[in-house]
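Colleague: Quick one: structure below, then a few questions.
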Amino acid sequence: MTEPHQDLKPGKYTMNFKTIFDRAHADFIILNISVSDDLRELIKSTAISEITEYSILGVDESTELKRYKAKKWIYCTLTSKAKAALFDKILLDTGETQFRFASAIYLEDFIRGFKLELKNLVQNVFKYSNIDVTVNIGVEK
Amino acid sequence: MTQQIHVGIELECVLNSAINDIIVGEYHEGVTVEDLPGWSSEYDGSLNSKHEFGKHSLCVELVSPLFKSRRALMKGIEDFKNRFSGHGRHELNEVMSFNDSCGAHLHFSIEGFSFSDKVIYEIYPKVRFRFFEKLRESNIKSRHNILEHYNRSYAQILTKEIWRIKSRRAEFNLSSESERKGMEWRSLNLLNVRTWDEFSEFWNIVYDCLEYLCAISQKYENIEEVKIMDEDEIQKTPSVLCQVMSYKRRKRRKTYSNIKISVKDTKEAFL
């Protein structure tokens with residue numbers, strides 16, 4: 001049902017959001033996201049090495065977004081459209097990434113969804129990753 | 001970067017028609033105010049005269065022309081003052097009054113720039129606080145009335161939720177931008193302002209705030225740190241998965257009663 005994370009240790013799970021806009025230089029609102037090492041490791045532990053493309057509503061379409069595929073048991077617990085960005089390849093490889101949003105409303109929607117899913121992910125990993133379950137099935141004659 | 005700005009005012013007031021008897025146009029079909037080029041007057045059903053000037057009370061919304069600078073705005077305010085004061089013969093409270101049904105809406109735009117697209121929510125409260133700060137420091141006697149009247153049903157203080165749905169009745173009405181009328185600052189009011197000096201000072205303060213908005217909305221940085229709950233808190237909080245699994249368990253019991261499930265440690269297995 002769930003996969004054990006024997007190496008999981010409680011740590012500082014923080015994520016920083018930095019919104020930057022300068023009309024003189026660009027027509028996009030830039031969102032920089034950076035994660036603490038502990039949090040990055042935790043998210044990584046729920047991902048697999050396979051890569052896929054994804055998109056975010058309102059993000060500069062000239063940028064190609066790639067993410068790691070996530071383990072099904074955790075991915076199905078996340079509901080918002082922003083969940084794909086949690087497994088962004090650059091974010092998980094380097095600890096920080098950047099998205100360019102065309103509008104403030106799209107940015108706000110993304111941040112809300114992203115925070116929610118981040119919380120859900122960490123919460124579910126802690127709650128279920130160390131479960132040791134044995135299932136005995138016997139069919140009655 | 002040069003920015004061409006446009007400012008327009010909608011001033012709701014009760015006029016003393018014994019001194020200034022002007023023709024009032026229909027709602028959104030204003031007619032030009034005599035001897036005040038660019039300004040128009042129109043009817044607004046939300047206004048209540050409260051018999052401020054007895055039978056001579058005339059409720060009206062006065063709409064200004066577009067101003068492109070502080071100098072142009074203050075010149076417009078000066079012209080307004082001269083017109084309605086009879087070139088200084090009357091003090092403001094003799095010719096008009098601002099009661100609690102009256103607002104002073106301001107339309108503001110920067111050429112080639114969309115507030116609803118490019119300005120994050122966090123910018124707007126900063127402008128509001130700047131306005132409050134400036135007003136408190138001012139010589140306007142009714143400043144506390146103005147502050148108390150700032151948040152009202154048809155000009156509600158902007159919250160993130162209101163901002164997201166672009167409510168027309170918000171403190172900052174961003175939906176008016178899509179009608180090419182610029183962003184509308186609806187919470188302004190001149191409640192109980194009684195002198196022309198206070199009137200001019202008020203618009204100077206408002207323009208200061210617009211300059212501030214201009215500066216902070218064209219270039220900004222917003223930093224936010226999100227800390228995920230610690231492990232104890234996480235354990236206490238129910239999660240999406242927990243609900244999903246309990247549903248599946250109920251279903252499984254009903255359907256497959258012949259399958260026996262045993263768990264090593266029930267506490268850990270969220271049962």
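Chain labels follow the order of the structure tokens: the first chain is A, the next B, and so on; residue numbering restarts at 1 in every chain, and ligands are counted from 1 in their shown order.
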Residues at most 7 Å from Thr97 of chain A, counting only C-alpha atoms, excluding those fewer than 4 positions away in the same chain, as a list in words?
Modeller: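 Contacts, in chain order: Asn32, Ile33, Ser34, Ile90 and Leu91 of chain A.
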Colleague: Just the selected residues (N, CA, C and O atoms), exported as a CSV table (one decimal), in the first residue's frame, please.
Modeller:
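Contents of the output file again_6.csv:
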chain,number,residue,atom,x,y,z
A,32,ASN,N,10.1,33.2,-7.7
A,32,ASN,CA,11.3,32.3,-7.3
A,32,ASN,C,10.9,31.4,-6.1
A,32,ASN,O,10.4,32.0,-5.1
A,33,ILE,N,11.1,30.2,-6.3
A,33,ILE,CA,10.7,29.3,-5.2
A,33,ILE,C,12.0,28.6,-4.8
A,33,ILE,O,12.8,28.1,-5.6
A,34,SER,N,12.3,28.5,-3.5
A,34,SER,CA,13.4,27.8,-3.0
A,34,SER,C,13.0,26.9,-1.8
A,34,SER,O,12.1,27.3,-1.0
A,90,ILE,N,13.9,21.0,-12.0
A,90,ILE,CA,14.9,22.0,-11.5
A,90,ILE,C,14.8,22.2,-10.0
A,90,ILE,O,15.8,22.3,-9.3
A,91,LEU,N,13.6,22.3,-9.5
A,91,LEU,CA,13.4,22.5,-8.1
A,91,LEU,C,14.0,21.4,-7.3
A,91,LEU,O,14.7,21.6,-6.3
Colleague: Among segment 146-191 of chain B, which residues carry a DSSP assignment of helix (DSSP H, G or I), reported as JSON, numbers by chain?
Modeller: {"B": [146, 147, 148, 160, 161, 162, 163, 164, 165, 175, 176, 177, 178, 179]}
Colleague: Residues as selected, N, CA and C atoms, written as an mmCIF file, in the first residue's frame, can you do that?
Modeller:
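The new file selection_31.cif reads:
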data_model
loop_
_atom_site.group_PDB
_atom_site.id
_atom_site.type_symbol
_atom_site.label_atom_id
_atom_site.label_comp_id
_atom_site.auth_asym_id
_atom_site.auth_seq_id
_atom_site.Cartn_x
_atom_site.Cartn_y
_atom_site.Cartn_z
ATOM 1 N N ILE B 146 -13.771 60.549 8.232
ATOM 2 C CA ILE B 146 -13.388 60.012 6.909
ATOM 3 C C ILE B 146 -12.819 58.603 7.060
ATOM 4 N N LEU B 147 -12.001 58.441 8.072
ATOM 5 C CA LEU B 147 -11.407 57.119 8.303
ATOM 6 C C LEU B 147 -12.467 56.079 8.670
ATOM 7 N N GLU B 148 -13.392 56.490 9.538
ATOM 8 C CA GLU B 148 -14.444 55.545 9.950
ATOM 9 C C GLU B 148 -15.350 55.174 8.784
ATOM 10 N N LYS B 160 -7.979 39.429 0.266
ATOM 11 C CA LYS B 160 -7.458 38.607 -0.827
ATOM 12 C C LYS B 160 -8.601 37.954 -1.616
ATOM 13 N N GLU B 161 -9.652 37.576 -0.891
ATOM 14 C CA GLU B 161 -10.787 36.917 -1.546
ATOM 15 C C GLU B 161 -11.504 37.901 -2.468
ATOM 16 N N ILE B 162 -11.744 39.114 -1.955
ATOM 17 C CA ILE B 162 -12.435 40.129 -2.765
ATOM 18 C C ILE B 162 -11.573 40.491 -3.965
ATOM 19 N N TRP B 163 -10.290 40.584 -3.739
ATOM 20 C CA TRP B 163 -9.358 40.932 -4.826
ATOM 21 C C TRP B 163 -9.395 39.874 -5.926
ATOM 22 N N ARG B 164 -9.458 38.604 -5.518
ATOM 23 C CA ARG B 164 -9.431 37.517 -6.501
ATOM 24 C C ARG B 164 -10.665 37.509 -7.394
ATOM 25 N N ILE B 165 -11.821 37.877 -6.817
ATOM 26 C CA ILE B 165 -13.022 37.858 -7.661
ATOM 27 C C ILE B 165 -13.262 39.202 -8.347
ATOM 28 N N SER B 175 -12.280 45.760 -11.704
ATOM 29 C CA SER B 175 -13.067 45.382 -12.891
ATOM 30 C C SER B 175 -13.356 46.602 -13.764
ATOM 31 N N SER B 176 -13.275 47.801 -13.204
ATOM 32 C CA SER B 176 -13.513 48.988 -14.038
ATOM 33 C C SER B 176 -12.380 49.170 -15.061
ATOM 34 N N GLU B 177 -11.256 48.499 -14.812
ATOM 35 C CA GLU B 177 -10.155 48.555 -15.791
ATOM 36 C C GLU B 177 -10.556 47.915 -17.115
ATOM 37 N N SER B 178 -11.343 46.851 -17.022
ATOM 38 C CA SER B 178 -11.749 46.161 -18.248
ATOM 39 C C SER B 178 -12.736 47.003 -19.057
ATOM 40 N N GLU B 179 -13.327 48.010 -18.405
ATOM 41 C CA GLU B 179 -14.212 48.928 -19.141
ATOM 42 C C GLU B 179 -13.445 50.167 -19.578
#
Colleague: In Å to one decimal, how far is atom CA of Glu108 of chain A from atom CA of Ile56 of chain A?
Modeller: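 Computed distance, atom CA of Ile56 of chain A to atom CA of Glu108 of chain A, equals 12.3 Å.
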Colleague: Just want the 9 Å neighbourhood of Val63 of chain B, counted on only C-alpha atoms, with same-chain residues fewer than 3 positions away dropped. Output as a short mmCIF file (atom, residue, chain, number, x, y, z; two decimals) with C-alpha atoms, in the first residue's frame.
Modeller:
data_model
loop_
_atom_site.label_atom_id
_atom_site.label_comp_id
_atom_site.auth_asym_id
_atom_site.auth_seq_id
_atom_site.Cartn_x
_atom_site.Cartn_y
_atom_site.Cartn_z
CA GLY B 8 -10.55 61.26 -12.79
CA ILE B 9 -12.85 62.07 -9.88
CA GLU B 10 -16.49 61.29 -9.15
CA LEU B 11 -17.63 63.54 -6.34
CA GLU B 12 -20.96 62.82 -4.68
CA GLY B 30 -24.11 63.69 -17.21
CA GLY B 38 -14.92 69.41 -18.47
CA TRP B 39 -17.01 68.72 -15.37
CA SER B 40 -20.41 67.12 -15.67
CA SER B 41 -23.25 66.53 -13.26
CA GLU B 42 -25.47 63.50 -13.04
#
Colleague: Which residue is closest to Val59 of chain A? Choose from A:Lys44, A:His25, A:Arg100, A:Lys71 and count only C-alpha atoms.
Modeller: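 Between A:Lys44, A:His25, A:Arg100, A:Lys71, the residue approaching Val59 of chain A most closely is A:Arg100.
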Colleague: From a DSSP calculation on the backbone, collect every residue of segment 10-120 of chain A in strand (DSSP E) and output the set as an MDAnalysis selection string.
Modeller: chainID A and resid 14:22 29:35 47:54 65:70 96:101
Colleague: Write the residues of the preceding selection, restricted to N, CA and C atoms, as a short mmCIF file (atom, residue, chain, number, x, y, z; two decimals), in the first residue's frame.
Modeller:
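What follows is the written file selection.cif:
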data_model
loop_
_atom_site.label_atom_id
_atom_site.label_comp_id
_atom_site.auth_asym_id
_atom_site.auth_seq_id
_atom_site.Cartn_x
_atom_site.Cartn_y
_atom_site.Cartn_z
N THR A 14 10.99 24.12 5.14
CA THR A 14 10.57 25.48 4.78
C THR A 14 10.70 25.68 3.28
N MET A 15 9.82 26.55 2.79
CA MET A 15 9.87 26.91 1.38
C MET A 15 9.76 28.42 1.29
N ASN A 16 10.58 29.02 0.47
CA ASN A 16 10.56 30.48 0.33
C ASN A 16 9.99 30.88 -1.02
N PHE A 17 9.08 31.84 -0.99
CA PHE A 17 8.51 32.37 -2.22
C PHE A 17 8.97 33.82 -2.36
N LYS A 18 9.51 34.13 -3.50
CA LYS A 18 9.90 35.52 -3.72
C LYS A 18 9.27 35.98 -5.04
N THR A 19 8.42 36.99 -4.95
CA THR A 19 7.75 37.52 -6.13
C THR A 19 8.47 38.79 -6.57
N ILE A 20 8.85 38.83 -7.83
CA ILE A 20 9.59 40.00 -8.33
C ILE A 20 8.90 40.53 -9.59
N PHE A 21 8.74 41.83 -9.63
CA PHE A 21 8.19 42.44 -10.84
C PHE A 21 8.91 43.76 -11.11
N ASP A 22 9.30 43.94 -12.33
CA ASP A 22 9.88 45.22 -12.73
C ASP A 22 9.39 45.53 -14.14
N ILE A 29 5.48 38.58 -14.09
CA ILE A 29 5.77 38.58 -12.65
C ILE A 29 6.54 37.29 -12.38
N ILE A 30 7.71 37.45 -11.83
CA ILE A 30 8.58 36.28 -11.64
C ILE A 30 8.41 35.73 -10.23
N LEU A 31 8.24 34.45 -10.16
CA LEU A 31 8.13 33.80 -8.85
C LEU A 31 9.34 32.88 -8.67
N ASN A 32 10.15 33.20 -7.67
CA ASN A 32 11.27 32.31 -7.33
C ASN A 32 10.85 31.44 -6.14
N ILE A 33 11.07 30.17 -6.29
CA ILE A 33 10.74 29.26 -5.18
C ILE A 33 12.02 28.55 -4.76
N SER A 34 12.28 28.54 -3.47
CA SER A 34 13.42 27.76 -3.01
C SER A 34 13.00 26.89 -1.82
N VAL A 35 13.58 25.72 -1.73
CA VAL A 35 13.20 24.79 -0.65
C VAL A 35 14.41 24.47 0.21
N ALA A 47 9.29 10.87 -5.30
CA ALA A 47 9.33 10.93 -6.76
C ALA A 47 10.10 9.73 -7.31
N ILE A 48 9.88 9.44 -8.59
CA ILE A 48 10.68 8.40 -9.26
C ILE A 48 11.49 9.08 -10.36
N SER A 49 12.45 8.39 -10.91
CA SER A 49 13.41 9.06 -11.80
C SER A 49 12.84 9.40 -13.19
N GLU A 50 11.72 8.88 -13.52
CA GLU A 50 11.13 9.14 -14.84
C GLU A 50 10.70 10.61 -14.96
N ILE A 51 10.94 11.19 -16.14
CA ILE A 51 10.65 12.62 -16.34
C ILE A 51 9.45 12.78 -17.26
N THR A 52 8.65 13.79 -16.99
CA THR A 52 7.52 14.10 -17.87
C THR A 52 7.37 15.61 -17.99
N GLU A 53 6.63 16.05 -19.01
CA GLU A 53 6.40 17.50 -19.18
C GLU A 53 5.11 17.88 -18.47
N TYR A 54 5.02 19.13 -18.07
CA TYR A 54 3.77 19.60 -17.47
C TYR A 54 3.61 21.09 -17.74
N LEU A 65 8.44 23.16 -19.13
CA LEU A 65 8.51 22.69 -17.75
C LEU A 65 8.59 21.17 -17.70
N LYS A 66 9.52 20.69 -16.92
CA LYS A 66 9.67 19.24 -16.76
C LYS A 66 9.62 18.88 -15.28
N ARG A 67 9.07 17.72 -15.02
CA ARG A 67 8.99 17.28 -13.62
C ARG A 67 9.28 15.79 -13.51
N TYR A 68 9.62 15.39 -12.29
CA TYR A 68 9.73 13.96 -12.02
C TYR A 68 8.33 13.40 -11.85
N LYS A 69 8.14 12.19 -12.25
CA LYS A 69 6.87 11.53 -11.95
C LYS A 69 6.88 11.18 -10.46
N ALA A 70 5.69 11.21 -9.86
CA ALA A 70 5.61 10.93 -8.43
C ALA A 70 5.06 9.53 -8.20
N GLU A 96 15.98 25.21 -6.07
CA GLU A 96 15.24 26.45 -6.38
C GLU A 96 14.85 26.48 -7.86
N THR A 97 13.77 27.18 -8.12
CA THR A 97 13.33 27.31 -9.51
C THR A 97 12.60 28.64 -9.69
N GLN A 98 12.25 28.91 -10.95
CA GLN A 98 11.63 30.20 -11.25
C GLN A 98 10.50 29.99 -12.25
N PHE A 99 9.37 30.64 -11.98
CA PHE A 99 8.26 30.62 -12.94
C PHE A 99 7.92 32.05 -13.31
N ARG A 100 7.53 32.25 -14.57
CA ARG A 100 7.19 33.61 -15.04
C ARG A 100 5.69 33.67 -15.33
N PHE A 101 4.98 34.43 -14.51
CA PHE A 101 3.52 34.49 -14.63
C PHE A 101 3.08 35.73 -15.41
#
Colleague: So which residues touch His149 of chain B within 8 Å, counting only C-alpha atoms, skipping near sequence neighbours fewer than 3 positions away, as a list in words?
Modeller: Asp100, Asn145, Ile146, Arg152, Ser187, Asn189 and Leu191 of chain B
Colleague: Using all heavy atoms, can you export the residues from the last selection as a compact mmCIF listing (two decimals), in the first residue's frame?
Modeller:
# COMPACT_ATOMS: atom_id res chain seq x y z
N ASP B 100 -22.97 60.98 4.99
CA ASP B 100 -22.49 59.59 4.91
C ASP B 100 -23.06 58.80 3.72
O ASP B 100 -22.75 57.62 3.56
CB ASP B 100 -22.72 58.85 6.24
CG ASP B 100 -24.18 58.80 6.63
OD1 ASP B 100 -25.03 59.18 5.80
OD2 ASP B 100 -24.47 58.40 7.78
N ASN B 145 -13.80 61.02 10.94
CA ASN B 145 -15.04 60.60 10.26
C ASN B 145 -14.72 59.95 8.93
O ASN B 145 -15.31 58.94 8.55
CB ASN B 145 -15.95 61.82 9.99
CG ASN B 145 -16.39 62.51 11.27
OD1 ASN B 145 -16.32 63.71 11.41
ND2 ASN B 145 -16.82 61.71 12.22
N ILE B 146 -13.77 60.55 8.23
CA ILE B 146 -13.39 60.01 6.91
C ILE B 146 -12.82 58.60 7.06
O ILE B 146 -13.16 57.70 6.30
CB ILE B 146 -12.36 60.95 6.22
CG1 ILE B 146 -13.02 62.30 5.91
CG2 ILE B 146 -11.82 60.34 4.94
CD1 ILE B 146 -12.07 63.38 5.43
N ARG B 152 -17.12 50.76 3.80
CA ARG B 152 -18.58 50.72 3.82
C ARG B 152 -19.07 49.69 2.81
O ARG B 152 -18.28 49.17 2.02
CB ARG B 152 -19.16 52.11 3.55
CG ARG B 152 -18.52 52.85 2.40
CD ARG B 152 -18.85 54.34 2.47
NE ARG B 152 -18.55 54.98 1.21
CZ ARG B 152 -17.35 55.45 0.88
NH1 ARG B 152 -16.33 55.33 1.74
NH2 ARG B 152 -17.15 56.02 -0.28
N SER B 187 -13.15 53.88 -1.84
CA SER B 187 -13.37 54.11 -0.41
C SER B 187 -13.15 55.55 0.02
O SER B 187 -13.45 55.90 1.17
CB SER B 187 -12.46 53.20 0.41
OG SER B 187 -12.85 51.88 0.24
N ASN B 189 -13.68 59.36 0.72
CA ASN B 189 -14.87 60.16 1.00
C ASN B 189 -14.46 61.46 1.68
O ASN B 189 -13.35 61.56 2.19
CB ASN B 189 -15.84 59.37 1.88
CG ASN B 189 -15.29 59.14 3.26
OD1 ASN B 189 -15.44 59.97 4.15
ND2 ASN B 189 -14.60 58.00 3.46
N LEU B 191 -16.37 62.99 4.12
CA LEU B 191 -17.41 63.13 5.14
C LEU B 191 -17.13 64.31 6.09
O LEU B 191 -16.07 64.41 6.71
CB LEU B 191 -17.50 61.82 5.94
CG LEU B 191 -18.63 61.71 6.96
CD1 LEU B 191 -19.99 61.91 6.33
CD2 LEU B 191 -18.57 60.37 7.67
Colleague: May I ask for the distance between atom CA of Gly86 of chain B and atom CA of Thr32 of chain B, given in Å to one decimal place?
Modeller: 17.6 Å
Colleague: May I ask for the distance between atom CA of Gln156 of chain B and atom CA of Phe129 of chain B, given in Å to one decimal place?
Modeller: 14.9 Å
Colleague: Which residues come within 7 Å of Cys59 of chain B, counting only C-alpha atoms, excluding same-chain residues fewer than 5 positions away, as a list of chain:residue names?
Modeller: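 Contacts, in chain order: B:Cys13, B:Val14, B:Leu15, B:Leu47, B:Asn48, B:Ser49.
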Colleague: Could you list, as a VMD selection string, every residue within 12 Å of Glu137 of chain B, counting only C-alpha atoms and ignoring same-chain residues fewer than 5 positions away?
Modeller: chain B and resid 130 to 132 143 to 144 201 to 202 205
Colleague: Please, could you write that set of residues out with C-alpha atoms as a PDB file, in the first residue's frame?
Modeller:
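What landed in part31.pdb:
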ATOM      1  CA  ARG B 130      -0.218  55.404   3.542  1.00  0.00           C
ATOM      2  CA  PHE B 131      -3.544  57.204   3.064  1.00  0.00           C
ATOM      3  CA  PHE B 132      -4.533  56.633   6.692  1.00  0.00           C
ATOM      4  CA  ARG B 143     -10.330  63.132   9.400  1.00  0.00           C
ATOM      5  CA  HIS B 144     -11.613  60.594  11.919  1.00  0.00           C
ATOM      6  CA  GLU B 201      -5.568  69.288   1.317  1.00  0.00           C
ATOM      7  CA  PHE B 202      -7.580  66.102   0.921  1.00  0.00           C
ATOM      8  CA  ILE B 205      -3.059  63.669   0.171  1.00  0.00           C
TER       9      ILE B 205
END
Colleague: With distances taken over only C-alpha atoms, which residue among B:Ala104, B:Ile110, B:Leu190, B:Ile19 lies nearest chain A?
Modeller: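 Comparing B:Ala104, B:Ile110, B:Leu190, B:Ile19 against chain A, the winner is B:Ile110.
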Colleague: Which residues are near Leu42 of chain A? Cut-off 9 Å, only C-alpha atoms, ignore same chain within fewer than 2 positions. Put them as number ranges by chain.
Modeller: A: 8-9, 13, 37-40, 44-46, 122, 125
Colleague: For chain A, which residue among B:Leu73, B:Ile157, B:Ile123, B:Ile22 is the nearest when counting only C-alpha atoms?
Modeller: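 Among the listed residues, B:Ile123 lies closest to chain A.
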